[in-house]
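Just run08.txt here, compact mmCIF, C-alpha atoms:
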```
# COMPACT_ATOMS: atom_id res chain seq x y z
CA MET A 1 -21.82 46.05 6.40
CA VAL A 2 -22.52 43.56 9.18
CA ASN A 3 -19.36 42.40 10.96
CA HIS A 4 -19.51 38.72 10.01
CA LYS A 5 -20.27 39.47 6.35
CA ARG A 6 -17.41 41.97 6.16
CA ARG A 7 -14.96 39.57 7.79
CA LYS A 8 -16.10 36.76 5.53
CA GLY A 9 -15.52 39.06 2.57
CA LEU A 10 -12.08 39.96 3.87
CA LEU A 11 -11.09 36.27 4.07
CA LYS A 12 -12.44 35.66 0.59
CA LEU A 13 -10.32 38.50 -0.77
CA LEU A 14 -7.22 37.11 0.92
CA ALA A 15 -7.98 33.67 -0.52
CA GLU A 16 -7.99 35.25 -3.98
CA HIS A 17 -4.98 37.55 -3.56
CA SER A 18 -2.95 35.78 -0.82
CA VAL A 19 -1.82 39.13 0.61
CA ALA A 20 -3.37 42.58 0.84
CA SER A 21 -2.57 45.92 2.44
CA VAL A 22 -4.95 47.80 4.72
CA ASP A 23 -5.46 50.42 2.01
CA GLN A 24 -6.43 47.77 -0.53
CA LEU A 25 -8.88 46.14 1.88
CA VAL A 26 -10.37 49.54 2.71
CA ASP A 27 -11.00 50.11 -0.98
CA TRP A 28 -12.34 46.62 -1.67
CA LEU A 29 -14.60 46.47 1.39
CA SER A 30 -15.65 50.13 1.41
CA SER A 31 -14.75 50.31 5.10
CA SER A 32 -12.63 52.62 7.23
CA PRO A 33 -8.96 51.83 8.01
CA ALA A 34 -9.82 51.46 11.71
CA THR A 35 -12.55 48.92 10.95
CA VAL A 36 -10.29 46.89 8.66
CA ARG A 37 -7.51 46.86 11.29
CA ARG A 38 -9.97 45.65 13.94
CA ASP A 39 -11.19 42.92 11.60
CA ILE A 40 -7.62 41.81 10.86
CA ALA A 41 -6.86 41.65 14.58
CA TRP A 42 -10.09 39.74 15.30
CA LEU A 43 -9.44 37.19 12.57
CA ALA A 44 -5.76 36.78 13.48
CA GLU A 45 -6.67 35.97 17.09
CA ARG A 46 -8.73 33.08 15.76
CA ASN A 47 -5.96 31.85 13.44
CA LEU A 48 -7.98 32.65 10.33
CA LEU A 49 -5.28 34.85 8.75
CA VAL A 50 -1.74 36.09 9.36
CA ARG A 51 -1.12 39.71 10.28
CA SER A 52 1.63 41.37 8.26
CA ARG A 53 3.24 44.79 8.27
CA GLY A 54 0.62 47.12 6.85
CA GLY A 55 -1.93 44.43 6.05
CA ALA A 56 -2.72 40.71 6.19
CA GLU A 57 -1.89 37.40 4.51
CA SER A 58 -3.93 34.26 3.97
CA LEU A 59 -2.94 31.18 5.94
CA PRO A 60 -0.47 28.85 4.21
CA PRO A 61 -2.23 25.86 2.69
CA LYS A 62 -2.37 22.84 4.93
CA LYS A 63 -0.32 19.89 3.83
CA GLN A 64 -2.55 17.11 2.63
CA ARG A 65 -2.32 14.18 4.95
CA THR A 66 -1.06 11.06 3.23
CA PHE A 67 -2.36 7.74 4.40
CA ALA A 68 -0.02 4.79 4.41
CA LEU A 69 -0.56 1.25 5.55
CA SER A 70 0.91 0.04 8.80
CA GLY A 71 3.98 -2.15 8.62
CA GLU A 72 7.22 -1.99 6.68
CA THR A 73 7.53 -0.54 3.21
CA PHE A 74 8.20 -2.64 0.13
CA GLN A 75 11.45 -0.81 -0.57
CA ASN A 76 12.85 -1.37 2.92
CA ASN A 77 11.93 -5.06 2.94
CA ILE A 78 12.77 -6.23 -0.60
CA ASP A 79 16.42 -7.13 0.13
CA ARG A 80 15.85 -8.71 3.54
CA CYS A 81 16.39 -12.49 3.51
CA ALA A 82 16.73 -12.25 -0.28
CA ALA A 83 18.38 -15.66 -0.74
CA GLN A 84 15.63 -17.37 1.25
CA LYS A 85 12.86 -15.50 -0.58
CA ARG A 86 14.24 -16.38 -4.01
CA ALA A 87 14.37 -20.09 -3.20
CA ILE A 88 10.85 -20.00 -1.76
CA ALA A 89 9.53 -18.14 -4.82
CA ARG A 90 11.16 -20.59 -7.23
CA HIS A 91 9.57 -23.55 -5.43
CA ALA A 92 6.16 -21.83 -5.40
CA CYS A 93 6.28 -21.28 -9.16
CA GLY A 94 7.09 -24.97 -9.59
CA LEU A 95 3.61 -25.71 -8.24
CA CYS A 96 1.99 -23.88 -11.17
CA ALA A 97 1.14 -25.44 -14.52
CA ASP A 98 0.33 -23.62 -17.74
CA GLY A 99 -3.37 -22.83 -17.92
CA ASP A 100 -3.80 -22.49 -14.14
CA THR A 101 -5.62 -19.55 -12.60
CA ILE A 102 -3.80 -18.29 -9.52
CA ILE A 103 -3.94 -15.38 -7.07
CA ILE A 104 -0.80 -13.67 -5.78
CA ASN A 105 -0.91 -11.02 -3.09
CA GLY A 106 1.48 -8.08 -2.93
CA GLY A 107 4.64 -8.65 -0.92
CA THR A 108 8.40 -8.91 -1.26
CA THR A 109 8.50 -12.72 -1.18
CA THR A 110 5.67 -13.17 -3.66
CA TYR A 111 7.23 -10.48 -5.87
CA ARG A 112 10.28 -12.74 -6.25
CA MET A 113 8.01 -15.12 -8.18
CA VAL A 114 8.12 -12.76 -11.17
CA GLU A 115 11.52 -14.08 -12.26
CA PHE A 116 10.14 -17.62 -12.51
CA LEU A 117 6.75 -16.74 -13.99
CA VAL A 118 8.01 -15.15 -17.20
CA ASP A 119 7.96 -18.45 -19.10
CA LYS A 120 4.56 -19.52 -17.76
CA ARG A 121 1.16 -19.04 -19.33
CA LEU A 122 -1.18 -18.47 -16.43
CA LYS A 123 -4.14 -16.32 -15.52
CA ILE A 124 -2.91 -14.27 -12.55
CA LEU A 125 -5.01 -12.06 -10.29
CA THR A 126 -2.68 -9.89 -8.21
CA ASN A 127 -2.96 -6.74 -6.13
CA SER A 128 0.74 -5.97 -6.68
CA PHE A 129 0.92 -3.23 -9.32
CA LEU A 130 4.68 -3.69 -9.69
CA MET A 131 4.30 -7.43 -10.34
CA ALA A 132 1.54 -6.73 -12.84
CA GLU A 133 3.62 -4.15 -14.69
CA ARG A 134 6.66 -6.39 -14.94
CA LEU A 135 4.75 -9.48 -16.05
CA LEU A 136 2.83 -7.52 -18.67
CA MET A 137 6.13 -6.24 -20.03
CA SER A 138 7.97 -9.55 -20.09
CA SER A 139 5.57 -12.51 -20.25
CA GLU A 140 2.47 -13.93 -21.91
CA ASN A 141 0.59 -14.40 -18.66
CA GLU A 142 -2.91 -12.94 -18.47
CA ILE A 143 -2.91 -10.34 -15.69
CA ILE A 144 -5.94 -9.17 -13.71
CA LEU A 145 -5.85 -6.28 -11.25
CA PRO A 146 -8.53 -5.48 -8.66
CA GLY A 147 -9.80 -1.93 -8.44
CA GLY A 148 -8.81 0.36 -5.61
CA LYS A 149 -6.21 2.77 -4.34
CA VAL A 150 -2.51 2.28 -4.99
CA TYR A 151 -0.39 2.28 -1.83
CA ARG A 152 3.09 3.00 -3.16
CA GLU A 153 4.89 2.26 0.11
CA GLN A 154 3.64 -1.34 0.20
CA ASN A 155 3.27 -1.85 -3.58
CA VAL A 156 -0.38 -2.95 -3.34
CA ILE A 157 -3.77 -1.98 -4.72
CA LEU A 158 -6.48 -2.11 -2.07
CA SER A 159 -10.19 -1.33 -2.11
CA PRO A 160 -12.29 -0.67 1.01
CA PHE A 161 -15.36 -2.01 -0.81
CA ASP A 162 -16.61 -5.59 -0.90
CA ASN A 163 -17.72 -5.57 -4.53
CA ASP A 164 -14.39 -5.31 -6.34
CA ILE A 165 -13.42 -7.41 -9.35
CA SER A 166 -11.86 -10.18 -7.24
CA GLN A 167 -15.29 -11.56 -6.36
CA HIS A 168 -15.77 -12.62 -10.00
CA HIS A 169 -12.57 -14.68 -10.23
CA TYR A 170 -11.89 -18.11 -8.79
CA ALA A 171 -8.43 -19.65 -8.46
CA GLY A 172 -7.16 -23.12 -7.66
CA LYS A 173 -4.25 -21.67 -5.70
CA MET A 174 -3.45 -18.45 -3.88
CA PHE A 175 0.17 -17.62 -3.07
CA MET A 176 0.43 -15.29 -0.11
CA GLY A 177 3.18 -13.54 1.78
CA VAL A 178 2.43 -12.46 5.36
CA TYR A 179 3.76 -10.14 8.03
CA GLY A 180 4.02 -12.93 10.60
CA LEU A 181 2.96 -16.48 11.34
CA SER A 182 2.10 -18.11 14.66
CA MET A 183 -0.06 -20.86 16.16
CA LEU A 184 -2.93 -18.35 16.02
CA GLY A 185 -2.66 -18.07 12.26
CA LEU A 186 -1.48 -15.57 9.66
CA MET A 187 -0.84 -12.09 11.03
CA GLU A 188 -0.95 -8.69 9.36
CA ALA A 189 -0.39 -5.16 10.62
CA ASP A 190 -3.12 -3.15 8.89
CA PRO A 191 -6.95 -3.53 8.99
CA LEU A 192 -7.41 -2.50 5.35
CA LEU A 193 -4.90 -5.12 4.26
CA ILE A 194 -6.77 -7.72 6.31
CA GLN A 195 -10.07 -6.77 4.69
CA ALA A 196 -8.72 -6.92 1.13
CA GLU A 197 -6.78 -10.14 1.56
CA LYS A 198 -9.71 -11.95 3.17
CA ARG A 199 -11.61 -11.31 -0.06
CA LEU A 200 -8.77 -12.78 -2.10
CA ILE A 201 -8.49 -15.83 0.15
CA SER A 202 -12.22 -16.51 -0.20
CA GLN A 203 -11.76 -16.84 -3.98
CA ALA A 204 -9.09 -19.57 -3.82
CA GLU A 205 -9.38 -23.29 -3.17
CA GLU A 206 -5.86 -23.78 -1.83
CA LEU A 207 -3.92 -21.22 0.23
CA ILE A 208 -0.13 -21.49 -0.04
CA VAL A 209 1.86 -19.21 2.28
CA LEU A 210 5.35 -18.03 1.36
CA ALA A 211 7.17 -17.19 4.59
CA ASP A 212 10.90 -17.13 5.26
CA SER A 213 11.98 -18.35 8.69
CA SER A 214 12.16 -14.82 10.15
CA LYS A 215 8.35 -14.55 9.89
CA PHE A 216 7.88 -17.05 12.74
CA ALA A 217 9.39 -14.57 15.20
CA ARG A 218 7.25 -11.60 14.12
CA LYS A 219 4.10 -10.58 15.93
CA ALA A 220 1.24 -8.31 14.88
CA GLY A 221 -2.03 -7.33 16.44
CA LEU A 222 -4.33 -8.59 13.68
CA ILE A 223 -5.14 -12.16 12.62
CA LEU A 224 -5.88 -12.64 8.93
CA CYS A 225 -7.00 -16.27 9.19
CA GLY A 226 -6.35 -19.40 11.20
CA LEU A 227 -3.93 -22.15 10.24
CA ASN A 228 -6.89 -24.37 9.40
CA ARG A 229 -7.34 -22.32 6.20
CA VAL A 230 -3.70 -22.81 5.13
CA SER A 231 -2.89 -25.79 2.88
CA CYS A 232 0.85 -25.39 2.66
CA VAL A 233 3.68 -23.19 3.96
CA ILE A 234 6.85 -22.84 1.90
CA THR A 235 9.69 -21.65 4.12
CA ASP A 236 13.47 -21.99 4.26
CA THR A 237 15.69 -24.49 6.04
CA GLY A 238 16.33 -21.96 8.80
CA ALA A 239 12.84 -22.54 10.23
CA SER A 240 13.04 -24.06 13.71
CA ASP A 241 11.83 -27.59 14.49
CA ALA A 242 9.27 -26.06 16.84
CA ALA A 243 7.85 -23.86 14.07
CA VAL A 244 7.60 -26.78 11.65
CA GLN A 245 5.97 -29.02 14.27
CA MET A 246 3.49 -26.28 15.14
CA LEU A 247 2.38 -26.10 11.51
CA GLU A 248 2.28 -29.84 10.94
CA GLN A 249 0.24 -30.40 14.11
CA SER A 250 -2.29 -27.96 12.67
CA GLY A 251 -2.55 -30.01 9.49
CA VAL A 252 -0.39 -27.71 7.37
CA ARG A 253 2.05 -29.22 4.88
CA VAL A 254 5.52 -27.67 5.26
CA LEU A 255 8.07 -27.40 2.45
CA ALA A 256 11.51 -26.15 3.57
CA VAL A 257 13.93 -25.11 0.83
CA ALA A 258 17.58 -24.14 1.04
CA PRO A 259 18.49 -20.48 0.37
CA GLU A 260 20.08 -19.76 -2.97
CA VAL A 261 22.20 -17.03 -4.48
CA VAL A 262 20.18 -14.05 -5.62
CA ALA A 263 20.92 -13.44 -9.28
CA GLU A 264 21.05 -10.04 -10.86
CA PRO A 265 17.69 -9.06 -12.42
CA THR A 266 17.21 -10.73 -15.80
CA LEU A 267 14.31 -8.49 -16.77
CA PRO A 268 14.48 -4.79 -17.68
CA LEU A 269 13.58 -2.61 -14.72
CA SER A 270 10.17 -0.98 -14.77
CA GLN A 271 9.74 2.77 -14.40
CA ALA A 272 8.61 2.29 -10.79
CA GLU A 273 11.70 0.20 -9.98
CA ARG A 274 14.03 2.75 -11.56
CA GLU A 275 12.46 5.49 -9.43
CA TRP A 276 12.77 3.39 -6.26
CA GLN A 277 16.42 2.69 -7.00
CA GLY A 278 17.13 6.32 -7.72
CA ALA A 279 18.06 5.73 -11.36
```
Here is a file; write its structure as structure tokens.
Amino acid sequence: MVNHKRRKGLLKLLAEHSVASVDQLVDWLSSSPATVRRDIAWLAERNLLVRSRGGAESLPPKKQRTFALSGETFQNNIDRCAAQKRAIARHACGLCADGDTIIINGGTTTYRMVEFLVDKRLKILTNSFLMAERLLMSSENEIILPGGKVYREQNVILSPFDNDISQHHYAGKMFMGVYGLSMLGLMEADPLLIQAEKRLISQAEELIVLADSSKFARKAGLILCGLNRVSCVITDTGASDAAVQMLEQSGVRVLAVAPEVVAEPTLPLSQAEREWQGA
């Protein structure tokens, strides 16, 4: 048997059996012990198998690489500035009237809106699978999800393609949380997030940004959109005068609300939330 065919056959046998002795390989390949030992040594030098006492083993399977978005995870960020986020979310929901069609992006501040949306009757397009699950379980809102891959760490559904379901839905308002906010515009940390959220923004007439005061000090390398696209920013009373003036000089309406006590959840926890909390 030609060398490369025999060695290929040897690797195939190891893939099937994981481990084999020299005697077994001799029998299976109809080769001499010396030839099999030379083949094992040749393949081991090239990291194609692992030599073992009296035989050979297949390589351990490679761990599948998991792809996560850049930036902080949903779990690590959900309790940060919780009192500010709750007040901001409550005020945002006050801008919605029954029958409205709105878009809400995935994020820890926008997720706080769930508590105040349960008594509404809206059509909501969101890329937050956790928000969608909770609202479906506890409200009469109509929920629409875009297609794509679920990124558990950030609690979002994102598609790399332009022709997802979001292009067929138009909303009067989009409520958006962001990684950071500066005079350059809204900032995000991941290119795929930028791509997906630009599609959502293009489907809304009015863009309302939910950003607690800590977001004015955060920087990222990617600009989602300029301030000229933003209609309103809802922040907390901890926002500096300079930050407020920067927004107002760009034509952005600023609503600053006082932080409030974060109540215990009034809705039953979803399966995903129970897993995240270790229940």
- Within 9 Å of Leu125 in chain A, counting all atoms listed in the file, which residues show up once you throw out same-chain ones fewer than 6 positions away? Write them as a list in words, please.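 Residues meeting the cut-off are Thr101, Ile102, Ile103, Ile104, Asn105, Ala132, Glu142, Ile143, Ile144, Leu145, Pro146, Ser166, His169 and Ala171 of chain A.
Using all atoms listed in the file, the smallest distance between any of A:Gly107, A:Gly177, A:Pro60, A:Gly251 and Leu14 in chain A comes from A:Pro60.
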- Message: as number ranges by chain, please: the residues near Asp212 in chain A (cut-off 8 Å, all atoms listed in the file, same-chain neighbours under 3 positions excluded).
- Response: A: 81, 84-85, 88, 215, 234-236, 239
- Message: Please determine, counting only C-alpha atoms, which residue among A:Leu11, A:Ala44, A:Met137, A:Met187 has the shortest atom-to-atom distance to Arg218 in chain A.
- Response: A:Met187
- Query: Quick one, how far is CA of Lys120 in chain A from CA of Asp98 in chain A?
  - Reply: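 CA of Lys120 in chain A sits 5.9 Å away from CA of Asp98 in chain A.
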- Between CA of Ala82 in chain A and CA of Ile201 in chain A, what is the spacing in Å? 25.5 Å
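Note that CA of Leu184 in chain A and CA of Leu227 in chain A are 7.0 Å apart.
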- Could you give me, as a ChimeraX atom specification, the residues within 9 Å of Leu25 in chain A, counting all atoms listed in the file and dropping anything in the same chain fewer than 5 positions from it? /A:10,13,20,30-31,33,36,55
